[in-house]
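The structure appears right after this line, and notes come after that.
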2 protein chains.
Amino acid sequence: MEVERKWWGWGAPGEFYDVSNRPNLWSFFRKYGAMEEEVPSVTLEDLKTNIPEPVINRSFLDEITEALKKDAVKTDAYERIMHTYDQNCMDMLLLRKGIIRRAPDAVIYPGSHGDVEKIVGLAHKHDVCVIAFGGGTNVVNGTVPETREKRMIINVDMGRMKKIIKIDNESHIAWIEAGMPGIQLEKELNALGYTSGHDPDSMVYSTVGGWVATRSSGMLSNKYGDFTDLTVSIKMVTPAGTIATPVLPATSAGPDLNRIIAGSEGTFGIITEVVIKIFPLPETAKLNTFLFTTFDQGVKAIQEMVEKECIPALVRLVNEDEVEFALKTARKSKSWFKNKAVDLFFAYLSKIRKIDMDKTCYMILGYKGDKKTVRHRQKITRKICKRNRAIDLGRGAAKTWDEGKYDLILIRDLIVKHGVLTDSAETATVWSNLVSLYNNARKAILDTMQKYAKPAWLGCHISHVYRHGASLYFLFGCKEKKGEEVEQYLDIKNTATAAFVSNGGTVSHHHSVGVLHQPYLKEEIGETAAGLLLAIKKKLDPKNIMNPGKLIPGSGNGDKP
Amino acid sequence: MEVERKWWGWGAPGEFYDVSNRPNLWSFFRKYGAMEEEVPSVTLEDLKTNIPEPVINRSFLDEITEALKKDAVKTDAYERIMHTYDQNCMDMLLLRKGIIRRAPDAVIYPGSHGDVEKIVGLAHKHDVCVIAFGGGTNVVNGTVPETREKRMIINVDMGRMKKIIKIDNESHIAWIEAGMPGIQLEKELNALGYTSGHDPDSMVYSTVGGWVATRSSGMLSNKYGDFTDLTVSIKMVTPAGTIATPVLPATSAGPDLNRIIAGSEGTFGIITEVVIKIFPLPETAKLNTFLFTTFDQGVKAIQEMVEKECIPALVRLVNEDEVEFALKTARKSKSWFKNKAVDLFFAYLSKIRKIDMDKTCYMILGYKGDKKTVRHRQKITRKICKRNRAIDLGRGAAKTWDEGKYDLILIRDLIVKHGVLTDSAETATVWSNLVSLYNNARKAILDTMQKYAKPAWLGCHISHVYRHGASLYFLFGCKEKKGEEVEQYLDIKNTATAAFVSNGGTVSHHHSVGVLHQPYLKEEIGETAAGLLLAIKKKLDPKNIMNPGKLIPGSGNGDKP
């Protein structure tokens with residue numbers, strides 16, 4: 001790895017969720033299945049001895065080693081392990097159990113677009129499978145090798161291609177190498193007075209190329225758009241040749257090539273460069289929190305903001321269960337007075353205002369822009385919230401959330417270690433269908449979890465708002481059923497995806513398709529469109545070497561004709 | 001035809017450009033080649049006797065006549081003539097000369113999605129070519145039959161499919177039949193308190209399906225987006241089956257199917273239904289006109305609006321030649337006083353302000369939204385214009401333009417009749433390249449025109465503004481060279497397109513590719529991408545019956561393997 005990472009879990013080796021001074025955290029987690037003791041796990045050394053022997057295509061390996069810089073090709077167990085799994089809960093379970101059925105046989109680090117052309121060219125020549133690897137933050141097994149694959153599999157880690165190549169200040173666009181991680185991009189752009197406008201939860205590790213390949217959406221999508229909206233041009237290396245889409249503000253010259261490449265999840269080729277829009281750093285940024293008496297009421301308020309064409313850059317409506325989670329895992333203030341004041345305020349809401357505190361939801365609103373516009377929009381949205389009986393909580397809760405937004409995932413590692421099975425499932429639908437989908441999916445997911453363990457926890461938030469609908473992001477957690485963890489995980493996850501598509505939602509708003517969502521894709525897009533995707537793949541990748549088995553139904557090695 | 005139209009020219013038979021009370025119009029047109037007398041033309045009756053014998057696939061014709069409602073299948077000469085050509089100047093020249101090399105052999109009017117499935121199914125079965133026809137406003141020969149095609153060709157006129165199928169008020173989306181013309185859609189939506197936000201010059205005739213198929217862009221695109229941005233879902237019938245893309249606010253489930261279909265120009269299938277976003281009617285609409293001393297200065301002002309994130313819904317920067325055209329063809333006011341005042345004001349600008357009146361450009365700005373926001377944005381943009389030494393001309397000129405915006409094309413018919421060759425060519429590029437492309441393309445087009453006739457006229461305007469660039473719309477006119485009109489037209493048109501692509505522009509910002517732009521497409525998108533489009537076509541249309549020869553290089557009948 002170019003950046004040191006844990007062998008299982010999120011982030012750098014030293015990074016852990018700080019549990020200190022969170023007095024209600026453990027009782028909350030215990031309620032939902034966390035055990036006192038840690039679930040036993042293998043060690044990295046165990047894995048190194050356990051990893052299957054690599055499949056080596058000697059001519060390929062010799063030629064590619066010859067063609068690239070020294071140290072670009074790695075075949076050691078550590079690199080292979082670090083590039084085997086993604087970041088979902090099942091991946092963590094399998095790693096901790098020491099189960100690797102199929103690992104990449106080599107990991108290759110290109111240093112340039114030309115290197116990638118060499119790699120894909122030789123892989124095509126020698127019939128070697130290629131998995132493009134960005135920040136390793138996928139959660140749908142989009143970069144996990146197919147267990148049935150008999151050919152050599154290489155993982156192409158883009159970690160050395162992370163330059164800003166060029167900036168066109170007049171056109172507000174920047175040429176970026178695909179391996180550039182979000183946080184570094186933002187830092188470098190900020191230093192030049194710009195922002196990319198893209199801010200996914202995975203920001204610290206996920207890359208520009210990965211954002212394109214998976215149609216990523218960031219927390220500020222309401223203002224800046226999803227990443228496809230921010231993408232101006234793409235360079236992609238395929239076995240059939242390189243596609244470099246033109247750098248244009250708009251065109252009517254045939255189908256939109258950028259949008260054929262975006263969302264292709266490495267199955268057509270490897271993205272090497274992306275031209276993105278860049279924006280001036282906003283003059284000001286403001287946060288507000290409102291408490292709503294019910295989730296539906298919060299949804300209504302967002303819909304009113306949409307109607308008034310006044311959607312804040314960030315809108316996050318957190319349902320009652322996620323509020324419970326936030327409150328129970330919150331840090332106690334160091335100030336005795338502040339803690340008392342909070343208790344008192346909550347008592348006032350419950351006793352005097354007669355609000356059912358078990359049903360209350362939070363809405364976090366974030367604004368970016370010039371001071372005048374931000375003030376104006378804050379005023380309008382506050383009025384809308386108040387009209388929907390919301391209580392203004394100031395910016396406190398929003399700030400706490402904002403400060404910890406990239407680290408929430410560390411909680412996952414903590415509780416997985418203590419026997420809790422936890423993950424996310426997300427979708428999007430049009431407004432007229434949103435509450436019904438929310439209720440139906442919630443019931444379905446809870447029912448399935450409760451087959452295994454009671455009580456089960458299911459939070460949900462809305463975090464991406466469009467004129468015609470919004471996303472729904474579910475977080476689930478329950479006690480893992482010993483010995484059946486993987487089946488239990490897949491059962492819950494599949495229940496969620498099935499509930500989404502059968503209730504008019506998408507298989508995924510921003511987690512892409514990968515392997516986990518693939519069985520549900522045909523139901524969403526239909527037989528003819530699925531066949532079309534396969535035809536595109538066959539044209540660009542006639543030997544099916546590019547990330548086989550992902551995204552496109554029927555592209556798996558086992559399913560090959 | 002479902003709506004009566006001229007057999008050559010734009011609009012309804014009785015519609016003509018009103019030349020009365022435009023004292024300088026004829027001297028202006030004469031300067032650029034208009035002759036006193038009219039160029040002789042054949043009559044519609046001549047054409048009816050001249051039209052080539054139809055190629056009839058008897059089994060297809062019998063089966064389709066049987067399958068559809070009475071009166072859905074037409075084979076008479078009038079219908080065939082009316083569906084032969086598009087709306088560019090060359091089409092007009094050929095019609096007036098009585099030249100029809102290949103006409104559709106039948107015109108079919110489906111009444112429903114099911115009818116279209118029957119038509120495409122039977123056409124595929126019997127190897128009959130299918131050209132989808134919307135409003136007949138294409139200008140790049142996107143619906144003109146290939147002369148070399150030996151198979152029967154049917155033109156599928158969508159004119160009977162023009163219903164609003166359903167409106168989802170909560171999600172702000174509407175299901176529209178593809179044959180719905182713009183003006184009718186807008187009228188019906190307006191009655192319900194909505195607007196589509198889409199307003200192309202062709203609004204009176206062009207259809208929702210055509211907008212999708214050609215990636216249309218309307219005059220208010222700065223506010224509402226191009227039509228692909230307004231498209232939520234598409235139903236398209238292909239020989240390989242029907243694709244109905246999901247109705248969602250956003251998704252990460254693979255490549256964007258809507259954007260594969262959009263811009264396919266009938267080469268993949270026939271679009272039958274489109275779900276579009278709808279918007280509340282804006283509370284207010286305002287217009288302003290500013291006079292800039294040079295085109296470059298106007299461009300600078302627009303760029304400042306972009307930087308301030310304050311782009312009016314409508315921005316139209318009209319260069320000096322187009323200003324000359326507007327002034328020379330303008331109606332004289334009935335008020336003696338008003339005419340004097342205008343003369344006096346122009347004299348003041350020229351004599352006192354020392355402005356070179358031959359170089360001045362107009363900028364029309366249009367705002368839509370709530371009163372407060374519109375006022376705020378008018379203030380900001382006015383300040384920007386003033387800072388760029390613009391002179392506020394009030395709303396007069398903008399209003400005049402707005403009132404006649406759909407009828408400008410009627411001037412084309414007037415001057416073509418008097419021997420002027422005239423048409424448009426348009427492109428888009430990023431800001432850093434805009435002025436250079438403008439200058440280079442301008443020189444190239446003028447040079448080519450002047451090979452044939454001097455003086456030649458070349459106007460230009462910017463009418464679509466994006467964060468990273470803008471469109472350039474050229475209008476040209478010069479005396480036609482008798483006997484070589486078609487070659488002259490193609491020479492000028494090709495010069496323009498070649499100049500665009502070799503100077504970093506697109507072959508077309510919103511006129512699509514069709515036949516006229518096709519030779520330049522590969523230079524824009526590259527060999528691999530062009531091959532990909534052909535592969536998509538082959539998958540959806542294995543017999544190459546859907547609008548063969550259009551858009552995709554190598555898809556022509558003559559080029560078939």
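Numbering starts fresh at 1 for the residues of each chain in the structure tokens, the chains themselves are lettered A, B, ... in the order given, and ligands are numbered from 1 as they appear.
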
Item to check | Test item: residues at most 9 Å from segment 175-186 of chain B, only C-alpha atoms, excluding those fewer than 4 positions along its chain, as an MDAnalysis selection string | outcome: chainID B and resid 112:113 133:135 157:168 190:191 194:200 202:210 212 233 271:276

If you keep N, CA and C atoms, can you produce a file of those selected residues as a short mmCIF file (atom, residue, chain, number, x, y, z; two decimals), in the first residue's frame?
```
data_model
loop_
_atom_site.label_atom_id
_atom_site.label_comp_id
_atom_site.auth_asym_id
_atom_site.auth_seq_id
_atom_site.Cartn_x
_atom_site.Cartn_y
_atom_site.Cartn_z
N SER B 112 -49.81 5.02 -30.00
CA SER B 112 -49.48 4.60 -28.63
C SER B 112 -48.11 3.92 -28.62
N HIS B 113 -47.59 3.74 -27.41
CA HIS B 113 -46.34 2.99 -27.24
C HIS B 113 -46.47 1.59 -27.86
N PHE B 133 -39.71 10.51 -36.53
CA PHE B 133 -39.94 11.89 -36.94
C PHE B 133 -40.73 12.61 -35.84
N GLY B 134 -40.16 13.70 -35.35
CA GLY B 134 -40.83 14.48 -34.30
C GLY B 134 -41.49 15.70 -34.89
N GLY B 135 -40.86 16.86 -34.70
CA GLY B 135 -41.45 18.08 -35.23
C GLY B 135 -40.89 18.48 -36.58
N ASP B 157 -44.02 9.09 -37.88
CA ASP B 157 -44.35 10.44 -37.42
C ASP B 157 -45.08 10.34 -36.08
N MET B 158 -44.50 10.94 -35.05
CA MET B 158 -45.02 10.80 -33.69
C MET B 158 -46.14 11.80 -33.40
N GLY B 159 -46.62 12.46 -34.43
CA GLY B 159 -47.57 13.56 -34.28
C GLY B 159 -48.88 13.23 -33.58
N ARG B 160 -49.21 11.95 -33.48
CA ARG B 160 -50.46 11.62 -32.77
C ARG B 160 -50.24 11.22 -31.33
N MET B 161 -48.99 11.18 -30.93
CA MET B 161 -48.69 10.82 -29.53
C MET B 161 -48.24 12.07 -28.79
N LYS B 162 -49.22 12.83 -28.32
CA LYS B 162 -48.86 14.12 -27.70
C LYS B 162 -49.69 14.43 -26.47
N LYS B 163 -49.80 13.43 -25.61
CA LYS B 163 -50.54 13.61 -24.35
C LYS B 163 -49.59 13.82 -23.18
N ILE B 164 -50.05 14.58 -22.20
CA ILE B 164 -49.45 14.47 -20.87
C ILE B 164 -50.12 13.24 -20.25
N ILE B 165 -49.33 12.22 -19.97
CA ILE B 165 -49.90 10.96 -19.49
C ILE B 165 -50.24 11.06 -18.02
N LYS B 166 -49.36 11.70 -17.25
CA LYS B 166 -49.53 11.70 -15.79
C LYS B 166 -48.66 12.79 -15.20
N ILE B 167 -49.12 13.37 -14.12
CA ILE B 167 -48.26 14.32 -13.40
C ILE B 167 -48.14 13.88 -11.95
N ASP B 168 -46.93 13.90 -11.43
CA ASP B 168 -46.70 13.61 -10.01
C ASP B 168 -46.36 14.96 -9.37
N ASN B 190 -48.46 25.20 -18.25
CA ASN B 190 -48.76 26.53 -17.70
C ASN B 190 -50.14 26.54 -17.05
N ALA B 191 -51.10 25.89 -17.71
CA ALA B 191 -52.47 25.87 -17.18
C ALA B 191 -52.52 25.18 -15.82
N TYR B 194 -47.31 25.06 -14.02
CA TYR B 194 -45.93 24.60 -14.20
C TYR B 194 -45.31 25.13 -15.49
N THR B 195 -44.00 25.01 -15.58
CA THR B 195 -43.27 25.18 -16.84
C THR B 195 -42.29 24.02 -16.96
N SER B 196 -41.95 23.68 -18.22
CA SER B 196 -40.95 22.63 -18.43
C SER B 196 -39.54 23.19 -18.30
N GLY B 197 -39.42 24.51 -18.39
CA GLY B 197 -38.10 25.13 -18.33
C GLY B 197 -37.31 24.98 -19.63
N HIS B 198 -37.93 24.35 -20.63
CA HIS B 198 -37.20 24.12 -21.89
C HIS B 198 -37.81 24.99 -22.99
N ASP B 199 -36.97 25.76 -23.64
CA ASP B 199 -37.49 26.75 -24.59
C ASP B 199 -36.53 26.95 -25.77
N PRO B 200 -36.43 25.94 -26.63
CA PRO B 200 -35.55 26.09 -27.80
C PRO B 200 -36.21 26.99 -28.85
N SER B 202 -36.91 26.27 -31.71
CA SER B 202 -37.83 25.44 -32.50
C SER B 202 -39.11 25.09 -31.75
N MET B 203 -39.31 25.72 -30.60
CA MET B 203 -40.38 25.41 -29.63
C MET B 203 -41.75 25.11 -30.25
N VAL B 204 -42.11 25.81 -31.32
CA VAL B 204 -43.47 25.66 -31.86
C VAL B 204 -43.69 24.25 -32.41
N TYR B 205 -42.65 23.66 -33.01
CA TYR B 205 -42.83 22.36 -33.65
C TYR B 205 -42.06 21.22 -32.99
N SER B 206 -40.86 21.50 -32.47
CA SER B 206 -40.03 20.40 -31.99
C SER B 206 -40.70 19.71 -30.81
N THR B 207 -40.37 18.41 -30.63
CA THR B 207 -41.10 17.57 -29.68
C THR B 207 -40.20 17.09 -28.53
N VAL B 208 -40.86 16.61 -27.52
CA VAL B 208 -40.16 16.09 -26.35
C VAL B 208 -39.22 14.94 -26.76
N GLY B 209 -39.71 14.06 -27.60
CA GLY B 209 -38.87 12.94 -28.05
C GLY B 209 -37.67 13.42 -28.84
N GLY B 210 -37.90 14.41 -29.69
CA GLY B 210 -36.80 15.00 -30.47
C GLY B 210 -35.79 15.68 -29.57
N VAL B 212 -34.95 14.81 -26.60
CA VAL B 212 -34.11 13.78 -26.00
C VAL B 212 -33.13 13.24 -27.04
N SER B 233 -36.58 10.02 -17.01
CA SER B 233 -36.71 8.64 -17.46
C SER B 233 -37.18 8.61 -18.91
N ILE B 271 -38.08 6.74 -29.28
CA ILE B 271 -38.48 7.18 -27.94
C ILE B 271 -39.99 7.40 -27.94
N THR B 272 -40.67 6.78 -26.99
CA THR B 272 -42.14 6.90 -26.98
C THR B 272 -42.67 7.71 -25.80
N GLU B 273 -41.95 7.67 -24.69
CA GLU B 273 -42.39 8.42 -23.51
C GLU B 273 -41.18 8.99 -22.79
N VAL B 274 -41.37 10.15 -22.20
CA VAL B 274 -40.29 10.77 -21.44
C VAL B 274 -40.87 11.30 -20.13
N VAL B 275 -40.19 11.00 -19.04
CA VAL B 275 -40.57 11.63 -17.77
C VAL B 275 -39.66 12.83 -17.59
N ILE B 276 -40.26 14.00 -17.43
CA ILE B 276 -39.46 15.23 -17.32
C ILE B 276 -39.69 15.90 -15.97
#
```

Next on the checklist: If we count only C-alpha atoms and set the cut-off at 12 Å, which residues sit around Val144 of chain B, ignoring sequence neighbours fewer than 6 positions away in its own chain? Please answer as a ChimeraX atom specification.
Outcome noted: /B:80-88,90-91,100-104,129-133,136-138,153-155,265-266,514-516,547-550

Pull C-alpha atoms from the residues just selected and write them as a tab-separated table (two decimals), in the first residue's frame.
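Written out: selection_3.tsv:
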```
chain	number	residue	atom	x	y	z
B	80	ARG	CA	-43.76	11.24	-48.50
B	81	ILE	CA	-42.62	14.69	-49.66
B	82	MET	CA	-43.44	16.29	-46.33
B	83	HIS	CA	-41.24	13.74	-44.55
B	84	THR	CA	-38.27	13.77	-46.91
B	85	TYR	CA	-36.22	16.76	-45.83
B	86	ASP	CA	-35.20	18.59	-42.68
B	87	GLN	CA	-35.05	22.34	-42.13
B	88	ASN	CA	-31.60	23.45	-43.25
B	90	MET	CA	-29.81	22.93	-48.41
B	91	ASP	CA	-33.10	21.11	-47.83
B	100	ILE	CA	-35.85	14.28	-54.25
B	101	ARG	CA	-33.41	11.43	-54.64
B	102	ARG	CA	-34.90	9.20	-51.98
B	103	ALA	CA	-38.09	9.72	-50.02
B	104	PRO	CA	-39.56	7.56	-47.28
B	129	CYS	CA	-35.76	0.92	-42.30
B	130	VAL	CA	-37.31	3.19	-39.69
B	131	ILE	CA	-36.85	6.93	-39.34
B	132	ALA	CA	-38.43	8.48	-36.25
B	133	PHE	CA	-39.94	11.89	-36.94
B	136	GLY	CA	-39.40	18.02	-38.41
B	137	THR	CA	-37.12	20.81	-37.17
B	138	ASN	CA	-33.77	19.04	-37.48
B	153	ILE	CA	-37.95	3.09	-45.58
B	154	ILE	CA	-40.76	4.12	-43.26
B	155	ASN	CA	-41.01	7.43	-41.51
B	265	GLU	CA	-30.89	10.43	-32.91
B	266	GLY	CA	-33.18	7.53	-33.71
B	514	GLY	CA	-27.14	13.80	-38.13
B	515	VAL	CA	-25.43	13.55	-41.50
B	516	LEU	CA	-23.89	17.00	-41.84
B	547	ASN	CA	-32.16	5.58	-39.02
B	548	PRO	CA	-29.14	4.06	-40.77
B	549	GLY	CA	-26.29	6.36	-41.69
B	550	LYS	CA	-27.01	9.01	-39.10
```

Item to check | Length of the atom CA of Ile492 of chain A to atom CA of Phe28 of chain A vector [Å] | outcome: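 Interatomic distance here is 21.1 Å.
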
Next on the checklist: Need the shell around Val237 of chain B: protein/DNA/RNA residues with any atom at most 8 Å away, counting only C-alpha atoms. Skip same-chain ones fewer than 6 positions apart. Format as a PyMOL selection string?
Outcome noted: chain B and resi 116-117+120+243+269-272

Next on the checklist: At a cut-off of 10 Å, using only C-alpha atoms, what residues contact segment 46-57 of chain B? Leave out same-chain residues fewer than 5 positions from it and give the result as a VMD selection string.
Outcome noted: chain B and resid 7 41 62 75 to 81 95 to 106 123 126 to 128 149 to 154
